[in-house]
file coords.cif (mmCIF, C-alpha atoms and all ligand atoms)
data_final
#
loop_
_atom_site.label_atom_id
_atom_site.label_comp_id
_atom_site.auth_asym_id
_atom_site.auth_seq_id
_atom_site.Cartn_x
_atom_site.Cartn_y
_atom_site.Cartn_z
CA MET Y 1 78.89 57.11 124.10
CA ILE Y 2 76.56 60.02 124.85
CA SER Y 3 73.47 60.12 127.04
CA ILE Y 4 69.94 60.12 125.64
CA GLU Y 5 69.59 63.75 126.76
CA GLU Y 6 72.78 64.77 124.94
CA ALA Y 7 71.56 62.96 121.84
CA LEU Y 8 68.25 64.84 122.02
CA GLU Y 9 70.06 68.17 122.27
CA ILE Y 10 72.03 67.37 119.14
CA LEU Y 11 68.89 66.24 117.35
CA LEU Y 12 66.94 69.37 118.28
CA ARG Y 13 69.78 71.63 117.11
CA ASN Y 14 69.67 70.08 113.64
CA ILE Y 15 66.00 70.22 112.75
CA PRO Y 16 65.37 72.11 109.51
CA ALA Y 17 62.63 74.75 109.53
CA PRO Y 18 59.27 73.11 108.80
CA LYS Y 19 57.58 73.84 105.46
CA THR Y 20 53.91 74.66 105.00
CA GLU Y 21 51.30 73.97 102.34
CA ARG Y 22 47.65 74.72 101.65
CA ILE Y 23 45.20 71.84 101.52
CA PRO Y 24 41.40 71.52 101.47
CA PHE Y 25 40.29 72.15 105.06
CA TYR Y 26 38.37 68.86 105.23
CA LYS Y 27 41.59 66.96 104.57
CA SER Y 28 43.41 68.57 107.49
CA LEU Y 29 42.55 65.96 110.14
CA GLY Y 30 45.67 65.31 112.22
CA ARG Y 31 47.65 68.06 110.49
CA VAL Y 32 49.20 70.95 112.39
CA LEU Y 33 47.71 74.32 111.48
CA ALA Y 34 50.37 76.76 110.34
CA GLU Y 35 48.26 79.90 110.65
CA ASP Y 36 45.67 81.31 113.02
CA ILE Y 37 42.02 80.71 112.21
CA VAL Y 38 40.19 84.02 112.58
CA ALA Y 39 36.42 84.39 112.91
CA THR Y 40 35.10 85.83 109.64
CA SER Y 41 31.71 86.69 111.21
CA ASP Y 42 30.04 86.88 114.60
CA ILE Y 43 28.95 83.53 116.00
CA PRO Y 44 26.08 83.19 116.56
CA PRO Y 45 25.45 85.54 113.61
CA PHE Y 46 22.10 86.66 115.15
CA ASN Y 47 20.34 86.32 118.50
CA ARG Y 48 19.46 82.66 118.23
CA ALA Y 49 16.73 80.70 119.96
CA THR Y 50 18.22 77.72 121.77
CA MET Y 51 14.86 76.06 122.51
CA ASP Y 52 11.51 75.61 120.79
CA GLY Y 53 9.07 78.03 122.44
CA PHE Y 54 7.73 81.56 122.30
CA ALA Y 55 9.75 84.71 121.83
CA VAL Y 56 8.39 87.31 124.29
CA ARG Y 57 9.27 90.47 126.16
CA SER Y 58 10.24 89.24 129.59
CA ALA Y 59 8.52 92.32 131.07
CA ASP Y 60 5.20 91.21 129.53
CA VAL Y 61 5.23 87.87 131.35
CA GLN Y 62 6.53 88.96 134.74
CA ASN Y 63 3.14 88.26 136.31
CA ALA Y 64 2.55 84.96 134.50
CA PRO Y 65 0.26 83.27 133.73
CA VAL Y 66 -0.31 85.89 131.03
CA GLU Y 67 -2.17 85.59 127.74
CA LEU Y 68 -0.39 87.06 124.71
CA ILE Y 69 -1.38 87.51 121.08
CA LEU Y 70 0.26 84.92 118.86
CA GLY Y 71 1.91 87.06 116.24
CA GLY Y 72 3.30 84.42 113.88
CA GLU Y 73 6.19 82.01 113.78
CA ALA Y 74 9.96 82.07 113.24
CA ARG Y 75 11.60 78.96 111.81
CA ALA Y 76 15.34 78.30 111.45
CA GLY Y 77 16.19 79.46 107.97
CA GLY Y 78 12.72 81.01 107.59
CA GLY Y 79 13.92 84.62 107.32
CA ILE Y 80 14.05 87.36 109.95
CA HIS Y 81 10.69 87.91 111.63
CA GLU Y 82 9.43 91.47 112.01
CA ARG Y 83 9.70 93.30 115.31
CA LEU Y 84 7.69 91.93 118.24
CA ARG Y 85 4.94 94.27 119.45
CA PRO Y 86 4.08 94.68 123.16
CA GLY Y 87 1.62 92.03 124.32
CA GLU Y 88 2.65 89.69 121.51
CA ALA Y 89 4.47 86.33 121.40
CA ILE Y 90 5.99 84.60 118.39
CA TYR Y 91 6.25 80.86 118.06
CA ILE Y 92 9.96 80.25 117.53
CA MET Y 93 12.01 77.16 116.75
CA THR Y 94 15.51 76.25 117.86
CA GLY Y 95 18.08 77.93 115.63
CA ALA Y 96 15.77 80.71 114.44
CA PRO Y 97 16.66 84.41 114.86
CA VAL Y 98 14.84 85.98 117.79
CA PRO Y 99 12.85 88.97 116.48
CA ASP Y 100 13.81 92.45 117.58
CA GLY Y 101 11.80 93.55 120.56
CA ALA Y 102 11.84 90.09 122.16
CA ASP Y 103 14.39 89.51 124.92
CA ALA Y 104 13.57 85.95 126.00
CA VAL Y 105 12.16 82.65 124.81
CA GLN Y 106 9.77 80.71 127.00
CA ILE Y 107 9.79 76.97 126.34
CA VAL Y 108 6.89 75.43 124.46
CA GLU Y 109 6.04 73.05 127.33
CA VAL Y 110 4.73 75.86 129.57
CA CYS Y 111 2.87 77.78 126.85
CA PRO Y 112 -0.53 76.29 125.90
CA VAL Y 113 -1.93 77.74 122.67
CA SER Y 114 -5.64 78.68 122.39
CA PRO Y 115 -7.79 76.34 120.22
CA CYS Y 116 -8.07 78.97 117.46
CA GLU Y 117 -4.25 79.44 117.60
CA SER Y 118 -4.55 83.20 117.93
CA LYS Y 119 -3.38 83.35 121.53
CA VAL Y 120 -0.88 81.71 123.79
CA THR Y 121 -0.81 81.57 127.59
CA VAL Y 122 2.66 81.88 129.06
CA MET Y 123 2.34 80.01 132.34
CA GLU Y 124 5.69 80.97 133.87
CA PRO Y 125 7.80 84.14 133.79
CA VAL Y 126 11.19 84.22 132.01
CA ALA Y 127 14.25 86.31 132.72
CA PRO Y 128 15.77 88.55 130.04
CA GLY Y 129 18.11 86.50 127.86
CA ASP Y 130 16.62 83.11 128.76
CA ASN Y 131 16.98 80.52 125.98
CA ILE Y 132 18.70 82.97 123.63
CA ALA Y 133 22.32 82.66 122.44
CA PRO Y 134 23.12 86.32 121.76
CA LYS Y 135 24.85 87.40 118.53
CA GLY Y 136 28.63 87.20 118.88
CA ARG Y 137 28.63 85.37 122.21
CA GLU Y 138 30.97 82.59 121.01
CA ALA Y 139 33.15 84.80 118.82
CA MET Y 140 33.17 88.26 117.29
CA SER Y 141 34.31 88.78 113.74
CA GLY Y 142 38.12 89.15 113.80
CA ASP Y 143 38.68 87.08 116.95
CA VAL Y 144 41.48 84.49 116.74
CA ILE Y 145 39.60 81.30 117.49
CA ILE Y 146 42.38 78.77 116.82
CA LYS Y 147 46.05 79.56 117.25
CA ALA Y 148 48.60 78.30 114.74
CA GLY Y 149 50.29 75.16 116.05
CA ARG Y 150 47.08 73.36 116.98
CA VAL Y 151 46.49 69.91 115.54
CA ALA Y 152 43.31 69.90 113.46
CA GLY Y 153 40.74 67.53 114.96
CA PRO Y 154 37.04 67.24 114.25
CA ALA Y 155 36.27 70.44 116.23
CA GLU Y 156 38.86 72.50 114.32
CA ILE Y 157 37.53 71.17 111.00
CA ALA Y 158 33.99 72.11 112.09
CA LEU Y 159 35.21 75.64 112.85
CA MET Y 160 36.95 76.01 109.50
CA ALA Y 161 33.67 75.03 107.83
CA THR Y 162 31.73 77.46 110.06
CA PHE Y 163 33.93 80.36 109.01
CA GLY Y 164 34.17 79.44 105.35
CA TYR Y 165 37.82 78.41 105.23
CA ALA Y 166 37.96 76.38 102.01
CA GLU Y 167 41.67 75.71 102.55
CA ALA Y 168 43.87 75.36 105.58
CA ARG Y 169 47.56 76.26 105.77
CA VAL Y 170 49.25 73.32 107.48
CA TYR Y 171 52.80 72.13 108.03
CA ALA Y 172 53.96 69.91 105.19
CA LYS Y 173 55.15 66.38 105.86
CA PRO Y 174 58.87 65.78 105.35
CA SER Y 175 59.79 63.35 102.59
CA VAL Y 176 61.28 60.24 104.15
CA ALA Y 177 63.05 57.23 102.68
CA ILE Y 178 63.64 53.89 104.38
CA LEU Y 179 66.62 51.73 103.51
CA SER Y 180 67.25 48.25 104.89
CA THR Y 181 70.74 46.81 104.88
CA GLY Y 182 72.04 43.30 105.29
CA ASP Y 183 73.22 40.36 103.18
CA GLU Y 184 70.99 38.10 105.26
CA LEU Y 185 67.76 39.86 104.34
CA VAL Y 186 65.11 38.84 101.83
CA GLU Y 187 61.68 40.36 101.23
CA PHE Y 188 58.44 39.11 102.80
CA ASP Y 189 57.33 37.44 99.59
CA GLU Y 190 60.57 35.47 99.26
CA THR Y 191 61.54 32.23 100.97
CA PRO Y 192 64.65 32.72 103.10
CA ARG Y 193 67.55 30.32 102.70
CA ALA Y 194 68.80 28.55 105.81
CA ASP Y 195 71.03 31.55 106.65
CA GLN Y 196 68.55 34.28 105.79
CA ILE Y 197 65.64 36.13 107.43
CA ARG Y 198 62.85 38.28 106.07
CA ASN Y 199 63.16 42.04 106.26
CA SER Y 200 60.70 43.22 108.89
CA ASN Y 201 62.22 46.51 110.01
CA ALA Y 202 61.38 48.43 106.85
CA TYR Y 203 57.69 47.63 107.29
CA CYS Y 204 57.77 48.30 111.01
CA LEU Y 205 59.37 51.71 110.39
CA ALA Y 206 56.89 52.51 107.61
CA ALA Y 207 54.07 51.78 110.08
CA GLN Y 208 55.71 53.93 112.77
CA LEU Y 209 56.06 56.76 110.25
CA LYS Y 210 52.44 56.33 109.25
CA LEU Y 211 51.44 56.92 112.89
CA LEU Y 212 53.11 60.32 112.43
CA GLY Y 213 51.12 60.79 109.22
CA ILE Y 214 54.19 60.29 107.03
CA GLU Y 215 54.11 58.06 103.92
CA ALA Y 216 57.68 56.93 103.41
CA ASP Y 217 59.38 55.70 100.24
CA TYR Y 218 60.99 52.32 100.61
CA LEU Y 219 64.33 51.98 98.85
CA GLY Y 220 64.74 48.22 99.28
CA ILE Y 221 67.59 46.22 100.77
CA ALA Y 222 71.20 47.30 100.34
CA ARG Y 223 73.81 44.55 100.42
CA ASP Y 224 76.67 44.86 102.89
CA GLU Y 225 79.07 46.37 100.38
CA LYS Y 226 80.03 49.90 99.47
CA GLU Y 227 78.75 50.07 95.89
CA ASP Y 228 75.20 49.06 96.67
CA LEU Y 229 75.11 51.12 99.85
CA ARG Y 230 76.45 54.20 98.09
CA GLY Y 231 73.84 54.08 95.32
CA LYS Y 232 70.94 53.59 97.69
CA ILE Y 233 72.13 56.12 100.28
CA LEU Y 234 72.57 58.64 97.47
CA ALA Y 235 68.96 58.05 96.42
CA GLY Y 236 67.90 58.42 100.05
CA LEU Y 237 69.68 61.77 100.35
CA GLU Y 238 67.18 63.19 97.88
CA ARG Y 239 64.57 63.07 100.66
CA ASP Y 240 64.43 65.32 103.71
CA VAL Y 241 65.19 62.36 105.96
CA LEU Y 242 66.77 58.98 105.26
CA ILE Y 243 66.27 56.19 107.76
CA ILE Y 244 68.69 53.31 107.40
CA THR Y 245 68.22 50.17 109.43
CA GLY Y 246 71.05 47.77 110.12
CA GLY Y 247 74.68 48.05 109.22
CA VAL Y 248 75.63 50.41 112.01
CA SER Y 249 76.90 47.95 114.59
CA MET Y 250 80.57 47.05 115.01
CA GLY Y 251 82.31 45.90 111.87
CA GLU Y 252 79.42 46.62 109.51
CA TYR Y 253 79.39 50.21 110.62
CA ASP Y 254 82.63 50.75 108.76
CA PHE Y 255 80.86 50.32 105.40
CA VAL Y 256 78.19 52.84 106.18
CA ARG Y 257 80.75 55.17 107.70
CA ASP Y 258 82.99 54.92 104.63
CA VAL Y 259 80.07 55.68 102.35
CA PHE Y 260 79.02 58.60 104.56
CA GLU Y 261 82.54 59.98 104.35
CA GLU Y 262 82.65 59.60 100.56
CA LEU Y 263 79.29 61.33 100.20
CA GLY Y 264 80.09 64.13 102.64
CA VAL Y 265 77.56 62.98 105.20
CA GLU Y 266 78.65 64.29 108.60
CA ILE Y 267 78.11 62.00 111.60
CA LEU Y 268 76.76 63.93 114.60
CA PHE Y 269 76.61 61.00 116.99
CA SER Y 270 77.08 57.27 116.69
CA LYS Y 271 76.62 55.75 120.14
CA VAL Y 272 73.96 56.46 122.74
CA ALA Y 273 73.50 55.06 126.24
CA ILE Y 274 70.19 53.41 125.42
CA LYS Y 275 69.13 49.78 125.61
CA PRO Y 276 68.26 48.48 123.12
CA GLY Y 277 69.85 50.62 120.43
CA LYS Y 278 73.37 51.66 121.49
CA PRO Y 279 74.88 51.99 117.97
CA THR Y 280 72.33 54.57 116.78
CA VAL Y 281 73.81 56.99 114.25
CA PHE Y 282 72.59 60.49 113.47
CA ALA Y 283 74.12 62.32 110.53
CA ARG Y 284 73.41 65.14 108.12
CA LYS Y 285 74.37 66.44 104.74
CA GLY Y 286 73.28 70.05 104.31
CA ASN Y 287 69.68 70.08 105.48
CA ARG Y 288 69.20 66.37 104.73
CA LEU Y 289 69.14 64.22 107.84
CA VAL Y 290 70.13 60.57 108.16
CA PHE Y 291 69.28 58.13 110.92
CA GLY Y 292 71.24 54.89 111.09
CA LEU Y 293 69.20 52.66 113.36
CA PRO Y 294 70.53 49.32 114.62
CA GLY Y 295 69.11 46.31 112.78
CA ASN Y 296 67.71 44.36 115.70
CA PRO Y 297 63.97 44.78 115.33
CA LEU Y 298 63.32 46.20 118.80
CA SER Y 299 66.39 48.43 118.64
CA SER Y 300 65.16 49.84 115.37
CA MET Y 301 61.65 50.36 116.72
CA ILE Y 302 62.66 51.94 120.04
CA THR Y 303 65.38 54.18 118.63
CA PHE Y 304 62.96 55.41 115.97
CA GLU Y 305 60.54 56.49 118.70
CA CYS Y 306 63.23 57.96 120.95
CA PHE Y 307 65.34 59.77 118.34
CA ALA Y 308 63.61 59.99 114.95
CA ARG Y 309 60.13 60.85 116.22
CA PRO Y 310 61.22 64.03 118.06
CA VAL Y 311 62.83 65.28 114.83
CA LEU Y 312 60.22 64.15 112.32
CA GLY Y 313 57.36 65.27 114.54
CA ARG Y 314 58.81 68.78 114.75
CA MET Y 315 59.33 68.83 111.00
CA CYS Y 316 55.57 68.16 110.80
CA GLY Y 317 54.98 71.19 113.06
CA ILE Y 318 54.10 69.18 116.17
CA LYS Y 319 55.32 71.11 119.22
CA ARG Y 320 55.88 68.11 121.50
CA PRO Y 321 55.99 64.96 119.39
CA GLU Y 322 57.70 62.87 122.05
CA LEU Y 323 55.73 59.85 123.20
CA LYS Y 324 53.69 60.62 126.31
CA ARG Y 325 55.06 59.49 129.65
CA VAL Y 326 53.14 58.63 132.79
CA GLN Y 327 53.99 57.12 136.15
CA GLY Y 328 52.74 53.79 137.36
CA VAL Y 329 53.18 51.20 140.06
CA LEU Y 330 55.37 48.25 139.17
CA LEU Y 331 53.78 44.81 139.69
CA GLU Y 332 57.01 42.77 139.59
CA ASP Y 333 60.70 43.20 140.42
CA VAL Y 334 62.89 44.00 137.39
CA ARG Y 335 66.68 43.76 137.23
CA GLN Y 336 69.31 44.93 134.79
CA THR Y 337 73.02 45.41 134.44
CA PRO Y 338 73.46 49.16 135.02
CA GLY Y 339 74.98 51.36 132.32
CA ARG Y 340 72.35 52.38 129.80
CA THR Y 341 68.74 53.60 130.14
CA ALA Y 342 66.56 50.66 129.15
CA PHE Y 343 63.16 50.70 127.49
CA LEU Y 344 61.45 47.44 128.43
CA PRO Y 345 58.17 46.20 127.02
CA ALA Y 346 55.31 46.48 129.47
CA ARG Y 347 51.57 46.25 129.64
CA ILE Y 348 50.00 49.04 131.64
CA GLU Y 349 46.46 49.22 132.90
CA TRP Y 350 44.38 51.89 134.59
CA THR Y 351 43.27 50.88 138.08
CA SER Y 352 41.70 52.68 141.05
CA ASN Y 353 45.32 53.29 142.22
CA GLY Y 354 46.46 54.81 138.92
CA TRP Y 355 48.49 52.98 136.30
CA SER Y 356 49.77 49.50 137.05
CA VAL Y 357 52.83 48.33 135.14
CA ARG Y 358 53.41 44.69 134.26
CA PRO Y 359 56.75 44.03 132.52
CA ILE Y 360 56.50 41.64 129.58
CA SER Y 361 59.15 38.97 129.45
CA TRP Y 362 61.17 39.18 126.27
CA LYS Y 363 64.23 37.33 125.20
CA ASN Y 364 66.45 39.89 123.51
CA SER Y 365 66.34 42.95 121.29
CA ALA Y 366 65.20 40.82 118.37
CA ASP Y 367 62.15 39.46 120.20
CA MET Y 368 59.28 41.21 118.46
CA ILE Y 369 56.98 38.35 119.46
CA GLY Y 370 57.52 39.14 123.14
CA PHE Y 371 57.24 42.85 122.47
CA SER Y 372 54.06 42.68 120.45
CA GLY Y 373 51.90 42.36 123.57
CA ALA Y 374 53.20 45.64 124.98
CA ASN Y 375 51.27 48.90 125.05
CA ALA Y 376 54.06 50.86 126.75
CA THR Y 377 57.69 50.66 127.74
CA LEU Y 378 59.06 50.79 131.24
CA ILE Y 379 61.92 53.27 131.46
CA PHE Y 380 64.67 51.72 133.53
CA PRO Y 381 67.21 54.41 134.58
CA GLY Y 382 70.75 53.47 133.57
CA GLU Y 383 72.26 53.99 137.02
CA LEU Y 384 69.97 51.47 138.73
CA ALA Y 385 70.29 47.69 138.93
CA MET Y 386 66.84 46.93 140.28
CA LEU Y 387 63.30 48.29 140.32
CA SER Y 388 61.14 46.67 142.99
CA ARG Y 389 57.56 45.62 142.96
CA GLY Y 390 55.39 48.41 144.36
CA GLU Y 391 57.78 51.17 143.24
CA THR Y 392 56.53 54.08 141.19
CA VAL Y 393 58.21 53.96 137.79
CA GLU Y 394 58.18 56.00 134.60
CA ILE Y 395 56.53 54.57 131.51
CA MET Y 396 56.43 55.70 127.91
CA LEU Y 397 53.21 55.01 126.02
CA LEU Y 398 53.57 53.42 122.60
CA PRO Y 399 52.36 55.64 119.75
CA ASP Y 400 49.22 53.56 119.16
CA PHE Y 401 48.56 53.19 122.89
CA PHE Y 402 44.93 54.24 122.70
CA ALA Y 403 44.28 51.76 119.92
CA ARG Y 404 45.78 48.82 121.81
P1 LIG U 501 72.88 44.88 112.17
O1 LIG U 501 72.48 46.11 112.91
O2 LIG U 501 72.89 45.06 110.70
O3 LIG U 501 74.16 44.31 112.70
O4 LIG U 501 71.77 43.82 112.49
C1 LIG U 501 71.53 43.36 113.78
C2 LIG U 501 70.55 42.21 113.76
O5 LIG U 501 69.31 42.64 113.24
C3 LIG U 501 70.96 41.05 112.89
O6 LIG U 501 70.58 39.86 113.51
C4 LIG U 501 70.19 41.25 111.62
O7 LIG U 501 69.94 40.07 110.92
C5 LIG U 501 68.92 41.85 112.14
N1 LIG U 501 68.31 42.73 111.12
C6 LIG U 501 68.96 43.70 110.44
N2 LIG U 501 68.15 44.31 109.60
C7 LIG U 501 66.94 43.72 109.73
C8 LIG U 501 65.68 43.93 109.12
N3 LIG U 501 65.51 44.87 108.18
N4 LIG U 501 64.65 43.14 109.49
C9 LIG U 501 64.83 42.19 110.44
N5 LIG U 501 65.99 41.96 111.07
C10 LIG U 501 67.04 42.71 110.72
MG MG U 502 73.52 44.05 109.08
#
call {"tool": "encode", "arguments": {"input": "coords.cif", "output": "structure tokens"}}
result
Amino acid sequence: MISIEEALEILLRNIPAPKTERIPFYKSLGRVLAEDIVATSDIPPFNRATMDGFAVRSADVQNAPVELILGGEARAGGGIHERLRPGEAIYIMTGAPVPDGADAVQIVEVCPVSPCESKVTVMEPVAPGDNIAPKGREAMSGDVIIKAGRVAGPAEIALMATFGYAEARVYAKPSVAILSTGDELVEFDETPRADQIRNSNAYCLAAQLKLLGIEADYLGIARDEKEDLRGKILAGLERDVLIITGGVSMGEYDFVRDVFEELGVEILFSKVAIKPGKPTVFARKGNRLVFGLPGNPLSSMITFECFARPVLGRMCGIKRPELKRVQGVLLEDVRQTPGRTAFLPARIEWTSNGWSVRPISWKNSADMIGFSGANATLIFPGELAMLSRGETVEIMLLPDFFAR
């Protein structure tokens, strides 16, 4: 049995180089940018009025109130107004280019216009630069405005539009297959016999993958025998990553292991000091990776997040795909038999004293009903037997934490 940290080291050593692709920029939400976004023009592209008002020479209105000749108007998108002459003001709207010669905009509220609209009185002085966003203040043409590696959110998409990037180069998603195993399993639309249960892990894993933006292929249920397993594992090895659930615990594991051996799949680890999820298997064939996750629903779910997510996330170009961890104050005593680091369902809440952590009672590593109320997991260090109420503990947020 290896520690979680040792397992992570092995995982990180075996991640294939991520691939990239070009997609329409407006479809890049949540994708990791694989190249820098460079400003293709100055922004703002001209000295831009940031308020409705009058473009003036600040020197002309130093001794305000001052009456100026109203020399016309500048609208956003209404062309570039000719140069401002001394003693003149131009009615200007937000977003319009400030005419040459003007160095400030005085706001409309303090500038009454004469009844014949030929003159305007500027009631208060303005300083040079007031209410003008100068050309190139936000970026100069050629500036790197977004570094490769950033996840594209609404702001990044806005910037790609601003600079005319029709396409974005992003990291491609790995192809992933999910395979369930077990003679006891039937599908959700079947009625289980007295000794059967419905396959839930495949759908849970597909949802977890979806939270990473990955659409997985589902290969169905393999029976607990070599022939069926071999065929389905072989199909799974055509994808970048195959995730098998079930069939890796004692006894059953032999089937999967035999098939791995026959197919030249090398096992890199097969037991980790984690609870739930001890019999987690990680294997590879060439640059194809295989996860063998234990079949108990919570084991499958937790080991996916702890071991598959760090790998798959990096294959998607995400620098730190691990689930976020925070510290919180425990509201109840929790006990365990020491030995393995445990991930226990918990409900955390933000309070005036930081995060409070309430463990959720659950029956065993199959108890998805107990788990479903959790928004986080309490990390219980393997060497400890008890965490006491009031102690500061480490928690791992579930991937859909902010939606729960
Ligand atoms: P295994 O890891 O195959 O020994 O399975 C451990 C436990 O998880 C058994 O009780 C299985 O019935 C259950 N199990 C295995 N695969 C699934 C699945 N896909 N959906 C729900 N339960 C499962
Ligand atoms: Mg099984």
call {"tool": "closest_residue", "arguments": {"input": "coords.cif", "among": "Y:Arg230, Y:Lys275, Y:Lys210, Y:Lys27", "to": "Y:Phe260", "atoms": "all atoms listed in the file"}}
result
Y:Arg230
call {"tool": "closest_atom_pairs", "arguments": {"input": "coords.cif", "of": "stretch 188-210 of chain Y", "to": "stretch 309-328 of chain Y", "cutoff": "12 Å", "atoms": "all atoms listed in the file", "output": "tab-separated table"}}
result
residue	atom	partner	partner_atom	distance
Y:Leu205	CA	Y:Arg309	CA	10.9
Y:Gln208	CA	Y:Arg309	CA	8.9
Y:Leu209	CA	Y:Arg309	CA	8.3
Y:Lys210	CA	Y:Arg309	CA	11.3
call {"tool": "residues_around", "arguments": {"input": "coords.cif", "residues": "stretch 114-126 of chain Y", "least_positions_apart": "6", "cutoff": "8 Å", "atoms": "all atoms listed in the file", "output": "VMD selection string"}}
result
chain Y and resid 58 61 to 71 89 104 to 106
call {"tool": "atom_distance", "arguments": {"input": "coords.cif", "atom1": "atom CA of Y:Ser141", "atom2": "atom CA of Y:Phe163"}}
result
9.7 Å
call {"tool": "closest_residue", "arguments": {"input": "coords.cif", "among": "Y:Pro359, Y:Gly220, Y:Gly30, Y:Gly136", "to": "Y:Pro45", "atoms": "only C-alpha atoms"}}
result
Y:Gly136
call {"tool": "closest_residue", "arguments": {"input": "coords.cif", "among": "Y:Ile145, Y:Val256, Y:Val170, Y:Ile2", "to": "ligand MG 502 (chain U)", "atoms": "all atoms listed in the file"}}
result
Y:Val256
call {"tool": "residues_near_ligand", "arguments": {"input": "coords.cif", "ligand": "ligand MG 502 (chain U)", "cutoff": "10 Å", "atoms": "only C-alpha atoms and all ligand atoms", "output": "list in words"}}
result
Ser180, Thr181, Gly182, Asp183, Glu184, Leu185, Ala222, Arg223, Asp224, Thr245, Gly246, Gly247, Val248, Ser249, Met250, Gly251, Glu252, Tyr253, Pro294, Gly295 and Asn296 of chain Y
call {"tool": "closest_residue", "arguments": {"input": "coords.cif", "among": "Y:Glu332, Y:Glu261, Y:Asp36, Y:Asp367", "to": "ligand LIG 501 (chain U)", "atoms": "only C-alpha atoms and all ligand atoms"}}
result
Y:Asp367
call {"tool": "axis_aligned_box", "arguments": {"input": "coords.cif", "around": "stretch 152-167 of chain Y", "padding_each_side": "8 Å", "output": "AutoDock Vina command-line options"}}
result
--center_x 37.5 --center_y 73.8 --center_z 109.1 --size_x 27.6 --size_y 29.1 --size_z 30.2
call {"tool": "atom_distance", "arguments": {"input": "coords.cif", "atom1": "atom CA of Y:Ile15", "atom2": "atom CA of Y:Glu394"}}
result
27.2 Å
call {"tool": "atom_distance", "arguments": {"input": "coords.cif", "atom1": "atom CA of Y:Arg75", "atom2": "atom CA of Y:Met51"}}
result
11.6 Å
call {"tool": "closest_residue", "arguments": {"input": "coords.cif", "among": "Y:Lys147, Y:Arg48, Y:Lys278, Y:Lys135", "to": "ligand LIG 501 (chain U)", "atoms": "all atoms listed in the file"}}
result
Y:Lys278
call {"tool": "residues_around", "arguments": {"input": "coords.cif", "residues": "Y:Val144", "least_positions_apart": "3", "cutoff": "10 Å", "atoms": "only C-alpha atoms", "output": "list in words"}}
result
Asp36, Ile37, Val38, Ala39, Thr40, Ala139, Met140, Ser141, Lys147 and Ala148 of chain Y
call {"tool": "closest_residue", "arguments": {"input": "coords.cif", "among": "Y:Gly53, Y:Pro134, Y:Gly77, Y:Gly72", "to": "Y:Met93", "atoms": "all atoms listed in the file"}}
result
Y:Gly53
call {"tool": "residues_near_point", "arguments": {"input": "coords.cif", "point": "(72.5, 64.7, 118.2)", "cutoff": "7 Å", "atoms": "all atoms listed in the file", "output": "short mmCIF file (atom, residue, chain, number, x, y, z; two decimals) with C-alpha atoms, keeping the file's coordinate frame"}}
result
data_model
loop_
_atom_site.label_atom_id
_atom_site.label_comp_id
_atom_site.auth_asym_id
_atom_site.auth_seq_id
_atom_site.Cartn_x
_atom_site.Cartn_y
_atom_site.Cartn_z
CA GLU Y 6 72.78 64.77 124.94
CA ALA Y 7 71.56 62.96 121.84
CA LEU Y 8 68.25 64.84 122.02
CA GLU Y 9 70.06 68.17 122.27
CA ILE Y 10 72.03 67.37 119.14
CA LEU Y 11 68.89 66.24 117.35
CA LEU Y 268 76.76 63.93 114.60
CA PHE Y 269 76.61 61.00 116.99
CA PHE Y 282 72.59 60.49 113.47
#
call {"tool": "residues_around", "arguments": {"input": "coords.cif", "residues": "Y:Ala177", "least_positions_apart": "3", "cutoff": "10 Å", "atoms": "all atoms listed in the file", "output": "list of chain:residue names"}}
result
Y:Pro174, Y:Ala202, Y:Ala206, Y:Glu215, Y:Ala216, Y:Asp217, Y:Tyr218, Y:Leu219, Y:Gly220, Y:Ile233, Y:Ala235, Y:Gly236, Y:Leu237, Y:Glu238, Y:Arg239, Y:Asp240, Y:Val241, Y:Leu242, Y:Ile243, Y:Ile244, Y:Val290
call {"tool": "residues_near_point", "arguments": {"input": "coords.cif", "point": "(36.6, 77.4, 103.3)", "cutoff": "12 Å", "atoms": "all atoms listed in the file", "output": "count of residues only"}}
result
24
call {"tool": "decode", "arguments": {"input": "coords.cif", "residues": "stretch 115-132 of chain Y", "atoms": "C-alpha atoms", "output": "mmCIF file, in the first residue's frame"}}
result
data_model
loop_
_atom_site.group_PDB
_atom_site.id
_atom_site.type_symbol
_atom_site.label_atom_id
_atom_site.label_comp_id
_atom_site.auth_asym_id
_atom_site.auth_seq_id
_atom_site.Cartn_x
_atom_site.Cartn_y
_atom_site.Cartn_z
ATOM 1 C CA PRO Y 115 -31.206 79.150 -25.705
ATOM 2 C CA CYS Y 116 -30.012 79.531 -29.318
ATOM 3 C CA GLU Y 117 -27.585 76.582 -28.766
ATOM 4 C CA SER Y 118 -24.631 78.545 -30.082
ATOM 5 C CA LYS Y 119 -22.890 78.895 -26.741
ATOM 6 C CA VAL Y 120 -22.261 76.905 -23.625
ATOM 7 C CA THR Y 121 -21.279 78.127 -20.166
ATOM 8 C CA VAL Y 122 -18.793 75.880 -18.413
ATOM 9 C CA MET Y 123 -19.552 76.507 -14.744
ATOM 10 C CA GLU Y 124 -16.593 74.656 -13.231
ATOM 11 C CA PRO Y 125 -12.956 74.203 -14.286
ATOM 12 C CA VAL Y 126 -11.607 70.783 -15.347
ATOM 13 C CA ALA Y 127 -8.119 69.371 -15.085
ATOM 14 C CA PRO Y 128 -6.265 68.110 -18.173
ATOM 15 C CA GLY Y 129 -7.294 64.518 -18.876
ATOM 16 C CA ASP Y 130 -10.551 64.646 -16.902
ATOM 17 C CA ASN Y 131 -13.217 62.271 -18.246
ATOM 18 C CA ILE Y 132 -10.999 61.041 -21.086
#
